[in-house]
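One file, protein.cif, carrying mmCIF, C-alpha atoms and all ligand atoms:
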data_query
loop_
_atom_site.label_atom_id
_atom_site.label_comp_id
_atom_site.auth_asym_id
_atom_site.auth_seq_id
_atom_site.Cartn_x
_atom_site.Cartn_y
_atom_site.Cartn_z
CA MET A 79 -94.40 -82.48 -68.12
CA SER A 80 -96.28 -83.13 -64.89
CA GLU A 81 -98.50 -80.28 -63.69
CA LEU A 82 -96.08 -79.52 -60.87
CA ALA A 83 -93.17 -79.43 -63.29
CA THR A 84 -95.14 -77.05 -65.54
CA LEU A 85 -95.82 -74.69 -62.65
CA LEU A 86 -92.18 -74.75 -61.53
CA ARG A 87 -91.07 -74.12 -65.10
CA ALA A 88 -93.43 -71.11 -65.27
CA LEU A 89 -92.01 -69.73 -62.01
CA GLU A 90 -88.48 -70.11 -63.32
CA PHE A 91 -89.44 -68.51 -66.67
CA ALA A 92 -91.24 -65.56 -65.05
CA ALA A 93 -88.44 -64.99 -62.50
CA HIS A 94 -85.94 -64.68 -65.34
CA LYS A 95 -88.18 -62.41 -67.40
CA HIS A 96 -88.92 -60.06 -64.50
CA GLN A 97 -85.30 -60.05 -63.33
CA GLY A 98 -84.25 -56.61 -62.13
CA GLN A 99 -87.84 -55.27 -62.06
CA ARG A 100 -89.24 -53.96 -58.80
CA ARG A 101 -92.68 -53.23 -57.36
CA LYS A 102 -93.51 -49.57 -56.82
CA GLY A 103 -93.90 -49.73 -53.01
CA ARG A 104 -91.57 -48.24 -50.44
CA ASP A 105 -89.55 -51.42 -50.09
CA GLY A 106 -89.12 -51.95 -53.83
CA ALA A 107 -89.87 -55.66 -53.56
CA PRO A 108 -88.79 -57.87 -56.49
CA TYR A 109 -91.51 -57.82 -59.18
CA ILE A 110 -91.80 -61.62 -59.19
CA ASN A 111 -93.39 -61.44 -55.72
CA HIS A 112 -96.53 -60.12 -57.44
CA PRO A 113 -97.30 -62.96 -59.90
CA ILE A 114 -96.42 -65.48 -57.18
CA SER A 115 -98.94 -63.81 -54.82
CA VAL A 116 -101.59 -63.78 -57.56
CA ALA A 117 -101.17 -67.52 -58.24
CA ASP A 118 -101.08 -68.28 -54.49
CA THR A 119 -104.31 -66.33 -53.94
CA ILE A 120 -106.02 -68.24 -56.76
CA ALA A 121 -104.96 -71.56 -55.25
CA ARG A 122 -105.58 -70.84 -51.56
CA VAL A 123 -108.51 -68.39 -51.57
CA GLY A 124 -110.13 -69.46 -54.83
CA ARG A 125 -109.28 -73.16 -54.30
CA VAL A 126 -108.53 -73.44 -58.01
CA THR A 127 -106.46 -76.44 -59.10
CA ASP A 128 -106.63 -75.93 -62.88
CA ILE A 129 -103.03 -75.91 -64.10
CA VAL A 130 -103.73 -73.63 -67.08
CA THR A 131 -105.16 -70.94 -64.79
CA LEU A 132 -102.30 -71.21 -62.27
CA THR A 133 -99.62 -71.19 -64.98
CA ALA A 134 -101.21 -68.19 -66.71
CA ALA A 135 -101.34 -66.40 -63.33
CA VAL A 136 -97.59 -66.82 -62.88
CA LEU A 137 -97.00 -65.56 -66.43
CA HIS A 138 -99.73 -62.89 -66.54
CA ASP A 139 -97.46 -59.83 -66.67
CA THR A 140 -94.60 -61.25 -68.76
CA VAL A 141 -95.87 -60.21 -72.19
CA GLU A 142 -97.13 -56.80 -71.02
CA ASP A 143 -94.09 -55.86 -68.94
CA THR A 144 -91.08 -57.76 -70.35
CA ALA A 145 -89.69 -58.66 -73.76
CA THR A 146 -91.70 -61.93 -73.85
CA THR A 147 -93.93 -62.72 -76.86
CA LEU A 148 -97.15 -64.72 -76.98
CA ASP A 149 -95.48 -67.14 -79.43
CA GLU A 150 -92.82 -67.81 -76.83
CA ILE A 151 -95.50 -68.50 -74.20
CA GLU A 152 -97.21 -70.94 -76.56
CA ARG A 153 -93.96 -72.72 -77.38
CA GLU A 154 -93.10 -73.18 -73.70
CA PHE A 155 -96.55 -73.67 -72.15
CA GLY A 156 -99.04 -74.48 -74.92
CA ALA A 157 -101.92 -72.80 -76.73
CA GLU A 158 -104.34 -72.73 -73.78
CA VAL A 159 -101.94 -70.81 -71.54
CA ARG A 160 -101.16 -68.49 -74.43
CA GLN A 161 -104.86 -67.73 -74.86
CA VAL A 162 -105.30 -66.75 -71.21
CA VAL A 163 -102.12 -64.65 -71.08
CA ALA A 164 -103.25 -62.88 -74.27
CA GLU A 165 -106.54 -61.98 -72.57
CA LEU A 166 -104.57 -60.54 -69.63
CA THR A 167 -102.22 -58.42 -71.74
CA ASP A 168 -103.01 -54.75 -72.33
CA ASP A 169 -102.05 -53.25 -75.68
CA LYS A 170 -99.26 -50.89 -74.61
CA ARG A 171 -99.49 -48.93 -77.84
CA LEU A 172 -102.74 -47.45 -76.55
CA PRO A 173 -102.81 -44.52 -74.11
CA LYS A 174 -103.12 -45.49 -70.45
CA GLU A 175 -106.68 -44.19 -70.01
CA GLU A 176 -107.86 -46.15 -73.04
CA ARG A 177 -106.22 -49.33 -71.73
CA LYS A 178 -107.99 -48.86 -68.40
CA ARG A 179 -111.32 -48.31 -70.16
CA LEU A 180 -110.80 -51.44 -72.26
CA GLN A 181 -110.16 -53.55 -69.15
CA VAL A 182 -113.59 -52.52 -67.85
CA VAL A 183 -115.47 -53.17 -71.08
CA SER A 184 -113.66 -56.42 -72.00
CA ALA A 185 -113.92 -58.14 -68.58
CA PRO A 186 -117.48 -59.50 -69.02
CA SER A 187 -116.54 -61.36 -72.22
CA ALA A 188 -113.24 -62.75 -70.89
CA SER A 189 -112.87 -66.50 -70.34
CA ARG A 190 -113.52 -67.86 -66.85
CA ARG A 191 -109.79 -68.52 -66.44
CA ALA A 192 -108.90 -64.95 -67.35
CA LYS A 193 -111.59 -63.59 -65.00
CA ILE A 194 -110.09 -65.61 -62.13
CA VAL A 195 -106.60 -64.20 -62.78
CA LYS A 196 -108.03 -60.67 -63.11
CA LEU A 197 -109.82 -61.05 -59.75
CA ALA A 198 -106.65 -62.20 -57.97
CA ASP A 199 -104.56 -59.52 -59.73
CA LYS A 200 -106.90 -56.79 -58.49
CA ILE A 201 -106.98 -58.33 -54.98
CA MET A 202 -103.20 -58.17 -54.77
CA ASN A 203 -102.88 -54.70 -56.31
CA VAL A 204 -105.53 -53.24 -53.99
CA THR A 205 -103.84 -54.94 -51.00
CA ASP A 206 -100.44 -53.53 -52.00
CA ILE A 207 -101.83 -50.04 -52.58
CA THR A 208 -103.57 -50.15 -49.18
CA HIS A 209 -100.54 -51.30 -47.17
CA ASP A 210 -97.53 -50.19 -49.23
CA PRO A 211 -98.66 -47.71 -51.91
CA PRO A 212 -96.39 -46.55 -54.72
CA VAL A 213 -94.32 -43.76 -53.19
CA ASP A 214 -95.54 -41.13 -55.65
CA TRP A 215 -99.29 -41.96 -55.43
CA PRO A 216 -101.37 -39.40 -53.53
CA VAL A 217 -104.62 -40.46 -51.83
CA THR A 218 -106.74 -39.35 -54.81
CA ARG A 219 -104.86 -41.63 -57.16
CA ARG A 220 -105.17 -44.58 -54.80
CA ARG A 221 -108.91 -43.97 -54.48
CA GLU A 222 -109.24 -43.76 -58.29
CA TYR A 223 -107.43 -47.09 -58.60
CA PHE A 224 -109.81 -48.73 -56.11
CA GLU A 225 -112.89 -47.40 -57.93
CA TRP A 226 -111.53 -48.54 -61.28
CA ALA A 227 -110.67 -52.01 -59.92
CA LYS A 228 -114.26 -52.32 -58.66
CA ARG A 229 -115.54 -51.67 -62.18
CA VAL A 230 -113.23 -54.31 -63.69
CA VAL A 231 -114.28 -56.82 -61.02
CA GLU A 232 -117.98 -56.17 -61.75
CA GLY A 233 -117.31 -57.74 -65.14
CA CYS A 234 -115.62 -60.77 -63.58
CA ARG A 235 -118.44 -61.73 -61.19
CA GLY A 236 -119.68 -65.31 -61.43
CA ALA A 237 -116.19 -66.71 -62.04
CA ASN A 238 -115.20 -67.52 -58.42
CA ALA A 239 -117.30 -66.52 -55.40
CA ALA A 240 -114.50 -66.80 -52.82
CA LEU A 241 -112.21 -64.50 -54.82
CA GLU A 242 -115.07 -62.04 -55.34
CA ARG A 243 -115.76 -61.95 -51.58
CA ARG A 244 -112.05 -61.43 -50.88
CA PHE A 245 -111.92 -58.57 -53.37
CA ASP A 246 -114.98 -56.93 -51.77
CA LYS A 247 -113.26 -57.11 -48.40
CA VAL A 248 -109.86 -55.75 -49.45
CA VAL A 249 -111.35 -52.89 -51.48
CA ALA A 250 -113.67 -51.92 -48.60
CA ASP A 251 -110.69 -52.00 -46.22
CA GLY A 252 -108.63 -49.96 -48.68
CA LEU A 253 -111.29 -47.29 -49.12
CA ALA A 254 -111.82 -47.14 -45.34
CA SER A 255 -108.11 -46.65 -44.75
CA LEU A 256 -108.12 -43.72 -47.20
CA ALA A 257 -111.11 -42.11 -45.51
CA GLY A 258 -108.91 -41.18 -42.56
CA GLN A 259 -106.33 -39.52 -44.81
CA ALA A 260 -106.29 -36.19 -46.58
ZN ZN A 301 -100.47 -58.18 -62.33
#
Mind turning the file's structure into structure tokens?
Amino acid sequence: MSELATLLRALEFAAHKHQGQRRKGRDGAPYINHPISVADTIARVGRVTDIVTLTAAVLHDTVEDTATTLDEIEREFGAEVRQVVAELTDDKRLPKEERKRLQVVSAPSASRRAKIVKLADKIMNVTDITHDPPVDWPVTRRREYFEWAKRVVEGCRGANAALERRFDKVVADGLASLAGQA
């Protein structure tokens, strides 16, 4: 497959897997908007052209949030993409707080590709929470998310300077927007 064909195949695969899922914001946008935004941010802000990184970005939530397996990812997209998606998949058998702690401690040892997807994932989540937060998230929970995302990103520094600068900006904007609220 050409690289473009691989990326289109990943978009088609992820769209099917996330079918019927919605983001938590007020408008309940289709879930697939999120992985598309993450991949777009990596390409446009991070200026990354590596097809494994971009494909893994499109697929990054499929194993964690849908019935997809890592074997299936490998069969469709190869062992390198599988490796990156595996690094981006939380173990859902663990309690939420433990999963969040593990993201912080595992980030520094993640591959460069996984760090780049983590950076863009946090950029998009912080942006969404700033402009269209989950309807049931009070200000304290949004602030906690921002502080936690900063800790994960600390472990990703050195992977892509433009993405790191973008994260610093969106998280500062997000925290500033909360400062005016109760
Ligand atoms: Zn994500």
Could you check which of A:Asp199, A:Asp169, A:Glu90, A:Glu176 is closest to ligand ZN 301 (chain A), using all atoms listed in the file? A:Asp199
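Shortest separation to Ile110 of chain A among A:Leu137, A:Leu241, A:Ala83, A:Leu180 occurs at residue A:Leu137, atoms counted being only C-alpha atoms.
Atom CA of Ala135 of chain A lies 14.4 Å from atom CA of Leu148 of chain A.
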Show me, as CSV, the residues of chain A having an atom within 9 Å of ligand ZN 301 (chain A), each with the closest atom pair and its distance in Å, using all atoms listed in the file.
residue,atom,partner,partner_atom,distance
A:His112,CA,A:ZN301,ZN,6.6
A:Pro113,CA,A:ZN301,ZN,6.2
A:Val116,CA,A:ZN301,ZN,7.4
A:Ala135,CA,A:ZN301,ZN,8.3
A:His138,CA,A:ZN301,ZN,6.4
A:Asp139,CA,A:ZN301,ZN,5.5
A:Leu166,CA,A:ZN301,ZN,8.7
A:Val195,CA,A:ZN301,ZN,8.6
A:Lys196,CA,A:ZN301,ZN,8.0
A:Ala198,CA,A:ZN301,ZN,8.6
A:Asp199,CA,A:ZN301,ZN,5.0
A:Lys200,CA,A:ZN301,ZN,7.6
A:Met202,CA,A:ZN301,ZN,8.0
A:Asn203,CA,A:ZN301,ZN,7.4
Atomic distance atom CA of Glu242 of chain A - atom CA of Leu197 of chain A, expressed in Å with one decimal: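 These two atoms are separated by 6.9 Å.
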Produce a table with one row for each residue of segment 148-219 of chain A that has an atom at most 8 Å from any atom of segment 94-105 of chain A, each row naming the nearest atom pair and its distance in Å at one decimal; use all atoms listed in the file; arrange rows by chain and rising residue number; format as CSV.
residue,atom,partner,partner_atom,distance
A:Asp206,CA,A:Gly103,CA,7.6
A:Ile207,CA,A:Gly103,CA,7.9
A:Asp210,CA,A:Gly103,CA,5.3
A:Pro211,CA,A:Gly103,CA,5.3
A:Pro212,CA,A:Gly103,CA,4.4
A:Val213,CA,A:Arg104,CA,5.9
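Proximity of A:Lys174, A:Arg191, A:Arg220, A:Arg229 to Thr208 of chain A, computed with all atoms listed in the file, is greatest for A:Arg220.
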Within 12 Å of Met79 of chain A, counting all atoms listed in the file, which residues qualify if same-chain residues fewer than 3 places away don't, as a ChimeraX atom specification? /A:82-88,129,154-156
Output as JSON the centre and edge lengths (Å, one decimal) of the box along x, y and z of the file that holds every listed atom of segment 153-162 of chain A after adding 3 Å on each side.
{"center_x": -99.2, "center_y": -70.6, "center_z": -74.3, "size_x": 18.2, "size_y": 13.7, "size_z": 12.2}
Just checking: using all atoms listed in the file, which residue out of A:Leu172, A:Val248, A:Leu89, A:Leu256 ends up closest to Ala134 of chain A? A:Leu89
Using all atoms listed in the file, can you tell me which of A:Ser187, A:Thr131, A:Asn238, A:Gln181 comes closest to Trp226 of chain A?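 Among the listed residues, the smallest separation from Trp226 of chain A belongs to A:Gln181.
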Looking at only C-alpha atoms, which of A:Lys178, A:Ala237, A:Asp149, A:Arg244 is the one that sits closest to Glu222 of chain A? A:Lys178
Where atoms are missing, can you supply N, CA and C atoms for segment 113-146 of chain A and output the lot as a CSV table (one decimal), in the frame of the given file?
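Listed below is the output, rebuild-v8.csv:
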chain,number,residue,atom,x,y,z
A,113,PRO,N,-96.6,-61.8,-59.3
A,113,PRO,CA,-97.3,-63.0,-59.9
A,113,PRO,C,-97.4,-64.2,-59.0
A,114,ILE,N,-96.4,-64.4,-58.1
A,114,ILE,CA,-96.4,-65.5,-57.2
A,114,ILE,C,-97.6,-65.3,-56.2
A,115,SER,N,-97.8,-64.1,-55.7
A,115,SER,CA,-98.9,-63.8,-54.8
A,115,SER,C,-100.3,-64.0,-55.5
A,116,VAL,N,-100.3,-63.6,-56.8
A,116,VAL,CA,-101.6,-63.8,-57.6
A,116,VAL,C,-101.9,-65.3,-57.7
A,117,ALA,N,-100.9,-66.1,-58.1
A,117,ALA,CA,-101.2,-67.5,-58.2
A,117,ALA,C,-101.5,-68.2,-56.9
A,118,ASP,N,-100.8,-67.7,-55.8
A,118,ASP,CA,-101.1,-68.3,-54.5
A,118,ASP,C,-102.5,-68.0,-54.0
A,119,THR,N,-103.0,-66.7,-54.3
A,119,THR,CA,-104.3,-66.3,-53.9
A,119,THR,C,-105.4,-67.2,-54.7
A,120,ILE,N,-105.1,-67.4,-56.0
A,120,ILE,CA,-106.0,-68.2,-56.8
A,120,ILE,C,-106.1,-69.6,-56.2
A,121,ALA,N,-105.0,-70.2,-55.8
A,121,ALA,CA,-105.0,-71.6,-55.2
A,121,ALA,C,-105.6,-71.6,-53.9
A,122,ARG,N,-105.2,-70.7,-53.0
A,122,ARG,CA,-105.6,-70.8,-51.6
A,122,ARG,C,-106.9,-70.2,-51.3
A,123,VAL,N,-107.2,-69.0,-51.8
A,123,VAL,CA,-108.5,-68.4,-51.6
A,123,VAL,C,-109.5,-68.9,-52.5
A,124,GLY,N,-109.2,-69.0,-53.8
A,124,GLY,CA,-110.1,-69.5,-54.8
A,124,GLY,C,-110.2,-71.0,-54.9
A,125,ARG,N,-109.3,-71.7,-54.3
A,125,ARG,CA,-109.3,-73.2,-54.3
A,125,ARG,C,-109.3,-73.7,-55.7
A,126,VAL,N,-108.6,-73.0,-56.6
A,126,VAL,CA,-108.5,-73.4,-58.0
A,126,VAL,C,-107.3,-74.4,-58.2
A,127,THR,N,-107.6,-75.5,-58.9
A,127,THR,CA,-106.5,-76.4,-59.1
A,127,THR,C,-106.1,-76.5,-60.6
A,128,ASP,N,-106.9,-75.9,-61.4
A,128,ASP,CA,-106.6,-75.9,-62.9
A,128,ASP,C,-105.2,-75.4,-63.2
A,129,ILE,N,-104.4,-76.3,-63.8
A,129,ILE,CA,-103.0,-75.9,-64.1
A,129,ILE,C,-102.9,-74.8,-65.1
A,130,VAL,N,-103.8,-74.7,-66.1
A,130,VAL,CA,-103.7,-73.6,-67.1
A,130,VAL,C,-103.9,-72.3,-66.4
A,131,THR,N,-104.9,-72.2,-65.5
A,131,THR,CA,-105.2,-70.9,-64.8
A,131,THR,C,-104.0,-70.6,-63.9
A,132,LEU,N,-103.4,-71.5,-63.2
A,132,LEU,CA,-102.3,-71.2,-62.3
A,132,LEU,C,-101.0,-70.8,-63.1
A,133,THR,N,-100.8,-71.5,-64.2
A,133,THR,CA,-99.6,-71.2,-65.0
A,133,THR,C,-99.8,-69.8,-65.6
A,134,ALA,N,-101.0,-69.5,-66.1
A,134,ALA,CA,-101.2,-68.2,-66.7
A,134,ALA,C,-101.1,-67.1,-65.7
A,135,ALA,N,-101.5,-67.4,-64.4
A,135,ALA,CA,-101.3,-66.4,-63.3
A,135,ALA,C,-99.9,-66.1,-63.1
A,136,VAL,N,-99.0,-67.1,-63.1
A,136,VAL,CA,-97.6,-66.8,-62.9
A,136,VAL,C,-97.0,-66.0,-64.0
A,137,LEU,N,-97.6,-66.2,-65.2
A,137,LEU,CA,-97.0,-65.6,-66.4
A,137,LEU,C,-97.8,-64.3,-66.8
A,138,HIS,N,-98.8,-63.9,-66.0
A,138,HIS,CA,-99.7,-62.9,-66.5
A,138,HIS,C,-99.2,-61.5,-66.9
A,139,ASP,N,-98.0,-61.1,-66.3
A,139,ASP,CA,-97.5,-59.8,-66.7
A,139,ASP,C,-96.2,-59.9,-67.6
A,140,THR,N,-95.9,-61.1,-68.0
A,140,THR,CA,-94.6,-61.2,-68.8
A,140,THR,C,-94.7,-60.6,-70.1
A,141,VAL,N,-95.8,-60.8,-70.8
A,141,VAL,CA,-95.9,-60.2,-72.2
A,141,VAL,C,-96.1,-58.7,-72.1
A,142,GLU,N,-96.9,-58.2,-71.2
A,142,GLU,CA,-97.1,-56.8,-71.0
A,142,GLU,C,-95.9,-56.0,-70.5
A,143,ASP,N,-95.1,-56.6,-69.6
A,143,ASP,CA,-94.1,-55.9,-68.9
A,143,ASP,C,-92.7,-56.3,-69.2
A,144,THR,N,-92.5,-57.3,-70.0
A,144,THR,CA,-91.1,-57.8,-70.4
A,144,THR,C,-91.0,-58.0,-71.9
A,145,ALA,N,-89.9,-58.5,-72.3
A,145,ALA,CA,-89.7,-58.7,-73.8
A,145,ALA,C,-90.3,-60.0,-74.3
A,146,THR,N,-91.1,-60.6,-73.5
A,146,THR,CA,-91.7,-61.9,-73.8
A,146,THR,C,-92.8,-61.8,-74.9
